[in-house]
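Heads up, structure_37.txt below (compact mmCIF, C-alpha atoms):
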```
# COMPACT_ATOMS: atom_id res chain seq x y z
CA MET Y 250 11.61 11.39 11.66
CA ALA Y 251 9.39 10.47 8.73
CA ASN Y 252 6.46 12.69 7.85
CA TRP Y 253 3.59 10.19 8.01
CA ILE Y 254 0.45 11.31 6.23
CA ILE Y 255 -1.39 8.15 7.36
CA GLU Y 256 -0.51 6.41 10.60
CA THR Y 257 -2.35 3.66 12.44
CA GLU Y 258 -1.51 1.92 15.69
CA ALA Y 259 -2.79 -1.59 16.49
CA LEU Y 260 -5.83 -0.92 14.30
CA SER Y 261 -8.36 -3.75 14.57
CA LYS Y 262 -11.89 -4.40 13.40
CA THR Y 263 -14.11 -7.29 14.47
CA TYR Y 264 -17.58 -7.74 13.01
CA GLN Y 265 -20.31 -8.96 15.32
CA GLY Y 266 -21.63 -12.37 14.26
CA ASP Y 267 -25.24 -13.56 14.36
CA PHE Y 268 -26.68 -14.91 17.61
CA TRP Y 269 -25.17 -18.38 17.16
CA LYS Y 270 -22.02 -17.30 15.35
CA LYS Y 271 -18.71 -16.14 16.74
CA GLU Y 272 -17.34 -12.67 16.14
CA MET Y 273 -15.50 -12.34 12.83
CA PRO Y 274 -12.15 -10.50 12.91
CA SER Y 275 -11.47 -8.57 9.69
CA LEU Y 276 -8.40 -6.56 10.66
CA ASP Y 277 -5.86 -7.49 13.32
CA SER Y 278 -3.48 -4.95 14.92
CA LEU Y 279 -2.53 -3.08 11.75
CA ASN Y 280 0.40 -0.70 12.12
CA LEU Y 281 0.39 1.32 8.91
CA GLN Y 282 2.56 4.27 7.94
CA VAL Y 283 2.26 6.16 4.66
CA GLU Y 284 4.79 8.89 3.98
CA ALA Y 285 3.87 12.25 2.51
CA GLY Y 286 4.46 12.39 -1.25
CA GLU Y 287 4.58 8.64 -1.89
CA VAL Y 288 2.36 6.17 -3.73
CA TYR Y 289 1.52 3.31 -1.38
CA ALA Y 290 -0.07 0.14 -2.78
CA PHE Y 291 -2.07 -1.91 -0.29
CA ILE Y 292 -2.43 -5.35 -1.83
CA GLY Y 293 -3.95 -8.63 -0.79
CA PRO Y 294 -6.42 -11.34 -1.83
CA ASN Y 295 -10.18 -10.80 -1.67
CA GLY Y 296 -11.35 -10.74 1.93
CA ALA Y 297 -7.94 -9.79 3.31
CA GLY Y 298 -9.28 -6.59 4.94
CA LYS Y 299 -8.24 -3.93 2.41
CA THR Y 300 -11.65 -2.29 2.05
CA THR Y 301 -12.25 -2.52 5.80
CA THR Y 302 -8.99 -0.62 6.35
CA ILE Y 303 -9.98 2.11 3.91
CA LYS Y 304 -13.43 2.48 5.49
CA LEU Y 305 -11.78 2.84 8.90
CA LEU Y 306 -9.41 5.51 7.57
CA THR Y 307 -12.31 7.50 6.08
CA ARG Y 308 -14.60 7.10 9.14
CA LEU Y 309 -17.16 4.97 7.28
CA LEU Y 310 -16.48 2.33 9.94
CA HIS Y 311 -15.38 2.63 13.55
CA PRO Y 312 -12.49 0.48 14.78
CA THR Y 313 -12.89 -2.13 17.47
CA LYS Y 314 -9.59 -0.84 18.85
CA GLY Y 315 -6.57 1.12 17.74
CA LYS Y 316 -5.72 4.65 16.66
CA ILE Y 317 -5.73 6.46 13.30
CA LYS Y 318 -3.99 9.68 12.33
CA ILE Y 319 -4.61 11.41 9.00
CA LEU Y 320 -2.38 14.33 8.02
CA GLY Y 321 -1.08 14.42 11.59
CA GLN Y 322 -4.54 14.65 13.18
CA ASP Y 323 -6.73 12.09 14.89
CA ASN Y 324 -9.16 11.02 12.17
CA LEU Y 325 -12.08 11.73 14.53
CA SER Y 326 -11.21 15.43 14.28
CA PRO Y 327 -13.85 17.20 12.09
CA SER Y 328 -11.14 18.85 9.99
CA SER Y 329 -8.93 15.79 9.47
CA LEU Y 330 -10.59 14.67 6.23
CA ARG Y 331 -11.09 18.05 4.55
CA ARG Y 332 -7.83 17.63 2.62
CA VAL Y 333 -8.54 14.00 1.72
CA GLY Y 334 -10.07 12.68 -1.50
CA TYR Y 335 -11.79 9.28 -1.35
CA MET Y 336 -12.92 6.95 -4.11
CA PRO Y 337 -14.93 3.84 -3.12
CA GLU Y 338 -14.41 0.39 -4.63
CA GLN Y 339 -17.56 0.45 -6.78
CA PRO Y 340 -18.66 4.06 -7.26
CA SER Y 341 -22.43 4.45 -7.55
CA PHE Y 342 -23.92 7.91 -7.89
CA TYR Y 343 -27.40 9.38 -8.37
CA GLY Y 344 -28.32 8.48 -11.95
CA TYR Y 345 -30.51 11.45 -12.87
CA LEU Y 346 -27.76 14.03 -12.63
CA THR Y 347 -25.23 14.63 -15.39
CA GLY Y 348 -21.57 14.18 -14.62
CA ARG Y 349 -21.11 17.95 -14.42
CA GLU Y 350 -24.15 18.39 -12.15
CA PHE Y 351 -22.89 15.69 -9.82
CA LEU Y 352 -19.46 17.34 -9.53
CA ARG Y 353 -21.17 20.68 -8.86
CA PHE Y 354 -22.99 19.05 -5.95
CA ILE Y 355 -19.71 17.68 -4.52
CA GLY Y 356 -18.02 21.05 -5.05
CA ARG Y 357 -20.77 22.78 -3.04
CA ILE Y 358 -20.22 20.32 -0.17
CA PHE Y 359 -16.61 21.51 -0.01
CA GLY Y 360 -17.70 25.15 -0.19
CA LEU Y 361 -16.09 25.95 -3.53
CA LYS Y 362 -17.09 29.26 -5.08
CA LYS Y 363 -19.02 29.02 -8.35
CA SER Y 364 -16.31 30.40 -10.65
CA GLU Y 365 -13.60 28.21 -9.12
CA ARG Y 366 -15.92 25.20 -9.06
CA GLU Y 367 -16.84 25.41 -12.77
CA LYS Y 368 -13.23 25.90 -13.80
CA ARG Y 369 -12.10 22.93 -11.73
CA ILE Y 370 -14.91 20.67 -12.97
CA SER Y 371 -14.06 21.31 -16.63
CA LYS Y 372 -10.40 20.56 -15.96
CA LEU Y 373 -11.18 17.38 -14.00
CA LEU Y 374 -13.59 15.97 -16.58
CA LYS Y 375 -10.93 16.34 -19.25
CA GLN Y 376 -8.23 15.00 -16.93
CA VAL Y 377 -10.08 11.74 -16.16
CA GLY Y 378 -11.19 11.15 -19.76
CA LEU Y 379 -14.81 12.34 -19.54
CA GLY Y 380 -14.40 15.49 -21.60
CA GLY Y 381 -17.37 15.88 -23.95
CA LYS Y 382 -19.53 13.58 -21.81
CA ASP Y 383 -20.21 16.05 -19.01
CA ASN Y 384 -23.89 16.46 -19.99
CA LEU Y 385 -24.62 12.72 -20.16
CA LEU Y 386 -26.81 11.36 -17.36
CA VAL Y 387 -24.85 9.27 -14.86
CA ARG Y 388 -27.29 6.36 -15.24
CA LYS Y 389 -26.05 6.00 -18.83
CA TYR Y 390 -22.41 5.71 -17.76
CA SER Y 391 -20.52 2.46 -18.27
CA ARG Y 392 -18.66 0.95 -15.29
CA GLY Y 393 -15.41 2.41 -16.56
CA MET Y 394 -16.95 5.87 -16.92
CA MET Y 395 -18.36 5.59 -13.40
CA GLN Y 396 -14.85 4.78 -12.18
CA ARG Y 397 -13.50 7.89 -13.90
CA LEU Y 398 -16.25 10.05 -12.38
CA GLY Y 399 -15.39 8.55 -8.98
CA LEU Y 400 -11.82 9.77 -9.37
CA ALA Y 401 -12.98 13.23 -10.49
CA GLN Y 402 -15.13 13.66 -7.36
CA ALA Y 403 -12.19 12.49 -5.21
CA LEU Y 404 -10.08 15.30 -6.72
CA ILE Y 405 -12.68 18.09 -6.59
CA ASN Y 406 -11.32 19.55 -3.32
CA ASP Y 407 -7.68 19.45 -4.57
CA PRO Y 408 -6.71 17.07 -1.74
CA ASP Y 409 -3.25 16.47 -0.30
CA LEU Y 410 -4.07 12.79 0.21
CA LEU Y 411 -5.98 10.45 -2.10
CA ILE Y 412 -7.43 7.21 -0.72
CA LEU Y 413 -8.55 4.95 -3.57
CA ASP Y 414 -10.20 1.54 -3.19
CA GLU Y 415 -9.49 -0.72 -6.21
CA PRO Y 416 -9.30 2.31 -8.56
CA MET Y 417 -8.47 0.33 -11.74
CA ALA Y 418 -10.76 -2.65 -11.23
CA SER Y 419 -13.39 -1.76 -13.85
CA LEU Y 420 -11.15 -0.20 -16.48
CA ASP Y 421 -10.02 -1.66 -19.80
CA PRO Y 422 -6.26 -1.79 -20.57
CA ILE Y 423 -6.27 1.69 -22.12
CA GLY Y 424 -8.15 3.12 -19.16
CA ARG Y 425 -5.78 1.46 -16.70
CA LYS Y 426 -2.78 2.93 -18.52
CA GLU Y 427 -4.36 6.40 -18.40
CA PHE Y 428 -5.18 5.91 -14.73
CA ARG Y 429 -1.61 4.89 -13.90
CA ASP Y 430 -0.27 7.93 -15.74
CA LEU Y 431 -2.68 10.14 -13.80
CA ILE Y 432 -1.54 8.68 -10.47
CA LEU Y 433 2.09 9.38 -11.35
CA ASP Y 434 1.20 12.91 -12.47
CA LEU Y 435 -0.58 13.53 -9.16
CA LYS Y 436 2.46 12.26 -7.29
CA ASN Y 437 4.71 14.63 -9.28
CA ARG Y 438 2.41 17.46 -8.19
CA GLY Y 439 3.05 16.61 -4.54
CA LYS Y 440 -0.02 14.48 -3.80
CA SER Y 441 0.14 11.40 -1.59
CA ILE Y 442 -1.75 8.35 -2.86
CA PHE Y 443 -2.84 5.31 -0.87
CA PHE Y 444 -4.66 2.72 -2.94
CA SER Y 445 -5.76 -0.88 -2.58
CA SER Y 446 -5.53 -3.28 -5.49
CA HIS Y 447 -5.50 -6.92 -6.50
CA ILE Y 448 -4.17 -6.01 -9.98
CA LEU Y 449 -0.52 -6.52 -9.13
CA ASN Y 450 0.97 -5.42 -12.46
CA ASP Y 451 -0.64 -2.00 -12.11
CA ALA Y 452 0.51 -1.67 -8.51
CA GLU Y 453 4.07 -2.57 -9.50
CA MET Y 454 4.17 0.15 -12.17
CA VAL Y 455 3.25 3.06 -9.88
CA ALA Y 456 3.98 2.18 -6.24
CA ASP Y 457 6.91 3.47 -4.18
CA ARG Y 458 6.06 1.23 -1.25
CA VAL Y 459 3.89 -1.85 -0.85
CA GLY Y 460 2.05 -3.44 2.06
CA ILE Y 461 0.79 -7.02 1.72
CA LEU Y 462 -2.32 -7.86 3.72
CA HIS Y 463 -3.45 -11.44 4.36
CA ASN Y 464 -6.21 -12.62 6.70
CA GLY Y 465 -6.38 -9.19 8.30
CA LYS Y 466 -2.65 -8.95 9.03
CA GLN Y 467 0.05 -7.01 7.22
CA ILE Y 468 2.61 -9.72 6.49
CA ARG Y 469 5.18 -7.70 4.51
CA VAL Y 470 5.85 -4.03 3.94
CA GLY Y 471 8.65 -2.04 2.36
CA LYS Y 472 9.94 -0.15 -0.66
CA LEU Y 473 8.98 -2.00 -3.82
CA ASP Y 474 12.48 -2.20 -5.31
CA GLU Y 475 13.97 -3.48 -2.06
CA LEU Y 476 11.27 -6.12 -1.61
CA ILE Y 477 11.73 -7.46 -5.12
CA GLN Y 478 15.53 -7.39 -4.97
CA SER Y 479 15.44 -9.29 -1.67
CA GLN Y 480 14.03 -12.28 -3.52
CA GLU Y 481 16.20 -14.95 -5.03
CA GLN Y 482 17.12 -13.84 -8.55
CA GLU Y 483 17.30 -16.36 -11.37
CA ILE Y 484 19.62 -16.19 -14.39
CA GLU Y 485 18.33 -17.59 -17.67
CA LEU Y 486 21.12 -19.09 -19.81
CA THR Y 487 20.47 -20.32 -23.37
CA PHE Y 488 23.00 -22.12 -25.58
CA SER Y 489 23.08 -24.35 -28.65
CA ILE Y 490 24.75 -27.73 -28.94
CA THR Y 491 24.55 -30.77 -31.21
CA GLU Y 492 22.54 -33.67 -29.87
CA ASP Y 493 25.49 -36.09 -29.86
CA LYS Y 494 27.36 -33.91 -27.34
CA LEU Y 495 24.49 -33.59 -24.85
CA PRO Y 496 25.50 -36.66 -22.80
CA GLN Y 497 28.85 -34.97 -22.03
CA LEU Y 498 27.06 -32.26 -20.08
CA ASP Y 499 26.07 -33.22 -16.54
CA MET Y 500 23.15 -30.84 -16.07
CA LYS Y 501 20.61 -32.79 -14.01
CA ALA Y 502 21.00 -30.41 -11.08
CA TRP Y 503 19.92 -27.48 -13.29
CA ASP Y 504 16.75 -29.03 -14.78
CA PRO Y 505 17.49 -28.11 -18.45
CA VAL Y 506 14.88 -27.66 -21.20
CA PHE Y 507 15.86 -29.02 -24.67
CA HIS Y 508 14.38 -27.88 -27.99
CA ASN Y 509 15.85 -28.03 -31.54
CA ASN Y 510 19.48 -28.30 -30.41
CA LYS Y 511 18.94 -25.40 -27.99
CA VAL Y 512 19.14 -25.72 -24.23
CA LEU Y 513 17.58 -23.33 -21.68
CA ILE Y 514 18.65 -23.45 -18.04
CA ARG Y 515 17.47 -21.28 -15.14
CA LEU Y 516 20.23 -20.84 -12.58
CA LYS Y 517 19.37 -19.84 -9.03
CA LYS Y 518 23.00 -19.13 -8.06
CA LYS Y 519 25.12 -16.66 -10.01
CA GLU Y 520 28.17 -18.71 -8.96
CA ASP Y 521 26.91 -21.49 -11.27
CA VAL Y 522 27.26 -19.29 -14.37
CA PRO Y 523 31.07 -19.58 -14.87
CA ILE Y 524 30.93 -23.31 -14.05
CA LEU Y 525 28.32 -23.95 -16.71
CA LEU Y 526 30.05 -21.67 -19.26
CA SER Y 527 33.24 -23.67 -18.81
CA LYS Y 528 31.39 -26.95 -19.44
CA ILE Y 529 29.73 -25.53 -22.57
CA SER Y 530 33.02 -24.19 -23.93
CA LYS Y 531 34.83 -27.51 -23.46
CA ILE Y 532 32.40 -29.43 -25.66
CA GLY Y 533 32.04 -26.74 -28.33
CA GLY Y 534 28.63 -25.28 -27.43
CA ASP Y 535 27.62 -21.73 -28.42
CA VAL Y 536 26.13 -19.41 -25.79
CA ILE Y 537 23.11 -17.54 -27.15
CA SER Y 538 22.11 -15.40 -24.16
CA ILE Y 539 22.57 -14.83 -20.43
CA ILE Y 540 19.60 -12.89 -19.01
CA PRO Y 541 19.03 -12.03 -15.32
CA GLN Y 542 15.36 -12.57 -14.50
CA ARG Y 543 13.85 -9.77 -12.40
CA LYS Y 544 11.33 -11.02 -9.87
CA SER Y 545 7.87 -9.46 -10.05
CA LEU Y 546 5.53 -8.16 -7.38
CA GLU Y 547 3.25 -11.05 -8.29
CA SER Y 548 5.90 -13.66 -7.46
CA LEU Y 549 6.71 -11.87 -4.19
CA PHE Y 550 3.02 -11.74 -3.31
CA MET Y 551 2.47 -15.45 -4.03
CA GLU Y 552 5.49 -16.46 -1.96
CA GLU Y 553 4.40 -14.36 1.02
CA VAL Y 554 0.79 -15.57 0.94
CA ARG Y 555 1.81 -19.24 0.62
CA ARG Y 556 3.85 -18.95 3.80
```
Translate this file's structure into structure tokens.
Amino acid sequence: MANWIIETEALSKTYQGDFWKKEMPSLDSLNLQVEAGEVYAFIGPNGAGKTTTIKLLTRLLHPTKGKIKILGQDNLSPSSLRRVGYMPEQPSFYGYLTGREFLRFIGRIFGLKKSEREKRISKLLKQVGLGGKDNLLVRKYSRGMMQRLGLAQALINDPDLLILDEPMASLDPIGRKEFRDLILDLKNRGKSIFFSSHILNDAEMVADRVGILHNGKQIRVGKLDELIQSQEQEIELTFSITEDKLPQLDMKAWDPVFHNNKVLIRLKKKEDVPILLSKISKIGGDVISIIPQRKSLESLFMEEVRR
């Protein structure tokens, strides 16, 4: 039996409309399982219900119906979230504290002793890329710096589970790379990470499993490699041939692209490769490359949402 660190059963949330408006469902019967030690990417378009799900997990919202277990406990249990770190979608903290002072405040909430707290704060500030800026007032932080401070406060209690809402949304490419590396480092240290994102390239680089949410429903879930491999794989074949021999090739079914005596064809069936190679060989063409095209999380996501 899998060791689920997050588990929901028929989790639903409906927002009450105005007097003349109908109720607005945001999440519909979500059955979610996140295994201990994995990185789980929760992806979907804006308005799909990702942030609502995270607020339900962290008790910032109450479900209309359904059950939630965190670290094996009902999330209504007072102790269920003590080993959880949470980072909101757009961190916003009191501006007249320095970064170090703010982390001291969070450390006190978790009951950390002074010596342990100061040691951990210094390590975290360096870890998230805020080393040397610990005495800068938070109100002077850029959005990216605020995002980094948000991660530091989520890690202050050395949690077993991290719940991150759009953690890379405000970061530049360098910051996103550092953030991805940090997520993988945390995983290697035994942490479990559940994060929402609409930046699919980042999710693809770090996730073990993926859940796709659309209109409040989880429409696909599974291990990332298995989901991508389940898609139809294309093979890109490029060859050169003189223009006078082109009419001898019957390639209408393959939708070829011609440029400077070079032809590029994308084959959807691997069985077509030897057939095409035989045709090319017979008329004296030269094969330049045969490259299998790996499907991306983005293409999987678009196909699932369009359905």
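Using all atoms listed in the file for every distance, the candidate list Y:Glu483, Y:Glu284, Y:Glu553, Y:Asp277 yields Y:Glu553 as the residue closest to Ile468 of chain Y.
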Tell me which protein, DNA and RNA residues are within 12 Å of Asp493 of chain Y, counting only C-alpha atoms, leaving out same-chain ones fewer than 3 positions away, and put them as a CSV table (one decimal) with C-alpha atoms, in the coordinates of the input.
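Final file, part-v8.csv:
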```
chain,number,residue,atom,x,y,z
Y,490,ILE,CA,24.8,-27.7,-28.9
Y,496,PRO,CA,25.5,-36.7,-22.8
Y,497,GLN,CA,28.8,-35.0,-22.0
Y,498,LEU,CA,27.1,-32.3,-20.1
Y,510,ASN,CA,19.5,-28.3,-30.4
Y,532,ILE,CA,32.4,-29.4,-25.7
Y,533,GLY,CA,32.0,-26.7,-28.3
Y,534,GLY,CA,28.6,-25.3,-27.4
```
In Å, rounded to a single decimal, give me how far atom CA of Ala290 of chain Y is from atom CA of Pro312 of chain Y.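 A separation of 21.5 Å between them.
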Quick one: of Y:Ile319, Y:Ile524, Y:Ile432, Y:Ile537, who's nearest to Lys511 of chain Y, counting only C-alpha atoms? Y:Ile537
So that I can see what lies close to segment 362-378 of chain Y, please list as number ranges by chain the residues with an atom at most 9 Å from it, counting only C-alpha atoms and leaving out residues fewer than 3 positions away in the same chain. Y: 348-349, 352-353, 356-357, 381-383, 394, 397-398, 400-402, 404-405, 424, 427-428, 431
